[in-house]
Amino acid sequence: MTDKKDDIEILEVDVLVIGGGTAGPMAAVSVKEKNPKLKVAVLEKANVKRSGCISMGMDGLNNAVIPGHATPEQYVKEITIANDGIVNQKTIMAYAERSYDMIQKLDDWGVKFEKDETGDYNVKKVHHMGTYVLPMPEGHHMKKILYRQLRKKRVQVINRYMATRLFKGKNGHIAGAHLVNPRTAETAVIKAKAIILCTGAAGRLGLPTSGYLFGTYENPTNAGDGYSMAYHVGAELSGLECYQINPLIKDYNGPACAYVTGPMGGYTANAQGNRFIECDYWSGQMMLEFYKELEGGKGPVFLKIDHLAEETIEEIEEILHSNERPSRGRFHESRGTNYREKMVEMHISEIGFCSGHSASGIWTDENARTTVPGLYAAGDCGSVPHNYMLGAFVYGAIAGEDAADFCAENELEDIDTTEINEERERVLAPLNREDGIPPHQMEYKIRRLVNDYLQPPKITRKMEIGMERFAEVREDLNNLKANDAHELMRAMEVHFILDCAEMAAVSSMYRTESRWGLYHHRIDYPETDDQNWRVHVQTMKGEDGLPVCSTRDIEPFILELDDEEKDAYNKLRVSKKTAEA
Amino acid sequence: MPLANLAATVPVTIDADACIADKGCTVCVDVCPLDVLVIADDKSTAYMKYDECWYCLPCEMDCPKDAVKVEIPYLLR
């Protein structure tokens with residue numbers, strides 16, 4: 001880094017992308033494709049070569065809108081229904097219309113998708129209504145392909161620096177970010193005309209039932225950094241009460257994975273080996289049926305593939321044990337679980353924020369803009385529901401292109417030196433303290449409280465107590481002690497996690513109804529109240545430093561749903577007649 | 001504030017004989033998303049310093065000497 005001013009290293013770029021996982025590299029490359037003269041940097045807490053939730057690749061596209069198999073209109077309707085009507089359809093349409101172009105772009109870059117003997121994409125049906133799943137049996141090379149593009153387009157890569165807070169200029173536009181190096185504890189500031197947050201999910205919010213802090217569904221490096229930074233810089237967040245909760249391999253806590261096995265004949269079954277849900281696509285409604293089966297005495301729930309032919313099982317093993325979460329294979333081996341003989345025990349994941357699977361994110365419009373001028377969000381931390389990996393790519397591209405245009409009309413803003421110094425002091429405090437509470441202990445406590453008080457079924461009194469406990473832990477932050485730069489990174493993540501925990505509680509208490517199946521299943525308000533709550537719930541930082549919520553009207557639908565469609569995701573349980581057939 | 005030491009078995013083990021950290025290799029350290037691997041002070045080998053593993057495997061897959069072995073963390077196994 002260059003230009004030392006008052007001992008603070010300050011770097012200047014046109015566009016700063018924070019997070020080099022999935023959306024991030026695409027955003028950076030897209031800025032360069034729009035205007036090669038712009039200076040673009042990707043900031044990555046880890047190393048872009050293997051960072052983010054696709055560090056080992058991905059086994060398929062879950063939301064491919066490919067002509068001949070699906071239309072953008074069908075897809076927008078399906079996600080509107082799956083997300084219980086609380087969507088800005090324009091944002092889903094903006095994705096759907098570019099979905100196929102993005103697939104072709106990735107194909108050109110060398111990503112291998114499954115094709116049939118005629119060379120057509122071999123799309124499979126997993127969703128309740130449409131056909132959108134495109135397998136990538138060789139999807140383990142995804143990060144290499146993205147890295148090649150970063151190099152080719154001359155994007156500056158800054159590995160092993162984490163952003164801690166964002167700054168605004170006097171005009172209210174985004175102005176820059178404060179960074180710390182997790183190996184040396186060096187701090188720095190990057191000034192930028194536009195910033196694109198691609199920091200992924202808040203994956204370390206709930207505690208996995210194994211009790212292992214890092215045994216999360218999401219890549220645990222995604223601690224909710226972007227959610228917290230957007231919150232503190234005054235952006236609106238949305239749908240945080242619509243938690244991410246997923247059906248996973250018990251203890252291993254990775255996908256089982258019904259999207260891969262479903263089209264080959266596998267399915268989710270109860271302890272008797274019977275199907276109980278019509279469709280294995282992950283939705284809150286599906287998770288509620290899963291929860292009921294577990295609680296209702298017919299559990300545990302399993303992934304059933306032991307009835308399949310030997311060659312099918314070999315194919316499944318080949319895909320699942322080389323892609324996305326390849327250590328699944330050695331987990332099953334150590335448990336003595338052979339797919340041929342035993343069903344795979346499943347369980348419900350810890351809670352998190354992630355628009356990739358549910359709808360909890362930093363509020364973004366169809367141009368990936370947040371409510372702070374110059375600040376964008378894409379991928380799991382944005383607010384476009386059920387967006388998955390392909391959505392991260394498309395919204396990364398949308399954000400990159402719009403940010404390039406924003407740069408043409410805006411200058412770098414000055415950042416208040418006092419603000420920078422205060423932030424540096426805040427960040428380095430845990431390192432400078434003589435002694436205190438280690439980050440992992442405080443993190444364990446927050447996340448254990450999240451499980452005890454926030455996990456659905458949501459109960460008002462419990463969430464109130466949760467907020468009281470979080471306030472106590474917030475006092476303890478002044479006593480957080482890091483012994484080295486690595487622990488300092490974890491200490492800053494503890495701050496992110498606590499912010500997310502409070503936002504989860506406040507937004508969940510605000511929406512006084514039940515919606516999205518298990519994601520927002522409130523015992524005190526068991527009914528869905530379309531009269532009063534067909535609105536977005538927005539969360540912002542209040543004047544007292546605690547989250548405040550408000551409602552935002554749903555934009556008029558561009559595609560109306562007919563009555564039968566509307567109810568489709570509320571009929572996921574296998575009817576008695578079907579079960580007996 | 002007095003602190004206790006709490007030992008933990010770690011999921012990533014590195015064969016020090018095969019490891020070429022002494023020749024300047026840092027591949028496993030570089031690719032770990034959680035930054036839990038480090039090179040020993042005497043440069044003899046890489047090792048897992050922090051028990052914060054996502055058992056995601058880049059360290060094992062990218063090692064040019066097949067010196068890295070990732071097991072499922074004990075609490076999950």
# chains A, B, ... in the order shown; residues from 1 in each chain; ligands from 1

call {"tool": "interface_residues", "arguments": {"of": "chain A", "to": "chain B", "cutoff": "8 Å", "atoms": "only C-alpha atoms", "output": "VMD selection string"}}
result
chain A and resid 45 to 47 49 to 52 55 to 56 210 to 216 219 to 221 251 to 252 325 to 327 330 to 331 334 to 335 435 to 436 486

call {"tool": "write_last_selection", "arguments": {"atoms": "C-alpha atoms", "output": "mmCIF file, in the first residue's frame"}}
result
data_model
loop_
_atom_site.group_PDB
_atom_site.id
_atom_site.type_symbol
_atom_site.label_atom_id
_atom_site.label_comp_id
_atom_site.auth_asym_id
_atom_site.auth_seq_id
_atom_site.Cartn_x
_atom_site.Cartn_y
_atom_site.Cartn_z
ATOM 1 C CA LYS A 45 -9.973 -11.459 4.155
ATOM 2 C CA ALA A 46 -8.532 -14.770 2.941
ATOM 3 C CA ASN A 47 -7.014 -15.394 -0.516
ATOM 4 C CA LYS A 49 -7.766 -18.293 -4.989
ATOM 5 C CA ARG A 50 -9.809 -20.275 -2.454
ATOM 6 C CA SER A 51 -12.107 -17.861 -0.672
ATOM 7 C CA GLY A 52 -15.842 -17.785 -0.093
ATOM 8 C CA SER A 55 -13.832 -22.422 -2.289
ATOM 9 C CA MET A 56 -14.073 -26.041 -3.498
ATOM 10 C CA SER A 210 -22.149 -30.022 17.256
ATOM 11 C CA GLY A 211 -21.015 -27.064 19.364
ATOM 12 C CA TYR A 212 -18.035 -26.544 17.006
ATOM 13 C CA LEU A 213 -17.883 -22.807 16.273
ATOM 14 C CA PHE A 214 -16.570 -23.316 12.746
ATOM 15 C CA GLY A 215 -18.691 -26.326 11.802
ATOM 16 C CA THR A 216 -21.220 -24.059 10.111
ATOM 17 C CA ASN A 219 -18.004 -20.803 5.038
ATOM 18 C CA PRO A 220 -17.373 -19.564 8.596
ATOM 19 C CA THR A 221 -15.131 -16.770 7.371
ATOM 20 C CA ASP A 251 -23.192 -32.951 12.545
ATOM 21 C CA TYR A 252 -21.305 -32.578 9.261
ATOM 22 C CA ARG A 325 -18.093 -29.923 0.334
ATOM 23 C CA PRO A 326 -15.905 -32.860 -0.732
ATOM 24 C CA SER A 327 -15.094 -33.948 2.833
ATOM 25 C CA ARG A 330 -14.706 -39.055 4.663
ATOM 26 C CA PHE A 331 -17.406 -38.010 7.143
ATOM 27 C CA SER A 334 -15.896 -42.521 9.591
ATOM 28 C CA ARG A 335 -19.558 -43.034 10.556
ATOM 29 C CA ASP A 435 -5.949 -8.889 29.510
ATOM 30 C CA GLY A 436 -9.607 -9.771 29.128
ATOM 31 C CA HIS A 486 -5.310 -13.536 14.097
#

call {"tool": "atom_distance", "arguments": {"atom1": "CA of Gln149 in chain A", "atom2": "CA of Val48 in chain A"}}
result
11.7 Å

call {"tool": "residues_around", "arguments": {"residues": "range 120-122 of chain A", "least_positions_apart": "6", "cutoff": "8 Å", "atoms": "only C-alpha atoms", "output": "CSV table (one decimal) with N, CA and C atoms, in the first residue's frame"}}
result
chain,number,residue,atom,x,y,z
A,113,PHE,N,-20.7,-27.3,-17.7
A,113,PHE,CA,-22.0,-27.6,-17.3
A,113,PHE,C,-22.4,-29.0,-18.0
A,114,GLU,N,-23.4,-29.6,-17.3
A,114,GLU,CA,-23.8,-30.9,-17.9
A,114,GLU,C,-24.7,-30.7,-19.2
A,134,LEU,N,-29.2,-27.0,-13.1
A,134,LEU,CA,-28.3,-27.5,-14.1
A,134,LEU,C,-27.0,-28.0,-13.4
A,135,PRO,N,-26.8,-29.3,-13.5
A,135,PRO,CA,-25.6,-29.9,-12.8
A,135,PRO,C,-24.3,-29.5,-13.4

call {"tool": "atom_distance", "arguments": {"atom1": "CA of Ser228 in chain A", "atom2": "CA of Leu205 in chain A"}}
result
12.1 Å

call {"tool": "atom_distance", "arguments": {"atom1": "CA of Phe302 in chain A", "atom2": "CA of Ala271 in chain A"}}
result
7.0 Å

call {"tool": "closest_residue", "arguments": {"among": "B:Ile39, B:Ile14, B:Cys25, B:Cys19", "to": "Val68 in chain B", "atoms": "only C-alpha atoms"}}
result
B:Ile14

call {"tool": "residues_around", "arguments": {"residues": "Thr45 in chain B", "least_positions_apart": "2", "cutoff": "9 Å", "atoms": "only C-alpha atoms", "output": "PyMOL selection string"}}
result
chain B and resi 14-22+38-43+47

call {"tool": "decode", "arguments": {"residues": "range 53-74 of chain B", "atoms": "C-alpha atoms", "output": "PDB file, in the first residue's frame"}}
result
ATOM      1  CA  CYS B  53     -11.482 -25.585  10.531  1.00  0.00           C
ATOM      2  CA  TRP B  54     -14.268 -25.780   7.938  1.00  0.00           C
ATOM      3  CA  TYR B  55     -12.866 -29.124   6.691  1.00  0.00           C
ATOM      4  CA  CYS B  56     -13.099 -27.622   3.189  1.00  0.00           C
ATOM      5  CA  LEU B  57      -9.867 -29.252   1.835  1.00  0.00           C
ATOM      6  CA  PRO B  58      -8.017 -26.648  -0.308  1.00  0.00           C
ATOM      7  CA  CYS B  59      -4.911 -27.121   1.914  1.00  0.00           C
ATOM      8  CA  GLU B  60      -4.899 -30.857   1.199  1.00  0.00           C
ATOM      9  CA  MET B  61      -5.836 -30.618  -2.489  1.00  0.00           C
ATOM     10  CA  ASP B  62      -3.366 -27.853  -3.362  1.00  0.00           C
ATOM     11  CA  CYS B  63      -0.327 -29.229  -1.463  1.00  0.00           C
ATOM     12  CA  PRO B  64       2.311 -30.147  -4.084  1.00  0.00           C
ATOM     13  CA  LYS B  65       3.728 -32.902  -1.847  1.00  0.00           C
ATOM     14  CA  ASP B  66       0.534 -34.560  -0.544  1.00  0.00           C
ATOM     15  CA  ALA B  67       1.768 -33.702   2.941  1.00  0.00           C
ATOM     16  CA  VAL B  68      -1.535 -32.364   4.286  1.00  0.00           C
ATOM     17  CA  LYS B  69      -4.269 -34.554   5.752  1.00  0.00           C
ATOM     18  CA  VAL B  70      -7.642 -33.129   6.785  1.00  0.00           C
ATOM     19  CA  GLU B  71      -9.843 -35.097   9.127  1.00  0.00           C
ATOM     20  CA  ILE B  72     -13.340 -34.193  10.210  1.00  0.00           C
ATOM     21  CA  PRO B  73     -13.025 -32.206  13.492  1.00  0.00           C
ATOM     22  CA  TYR B  74     -13.473 -34.481  16.510  1.00  0.00           C
TER      23      TYR B  74
END
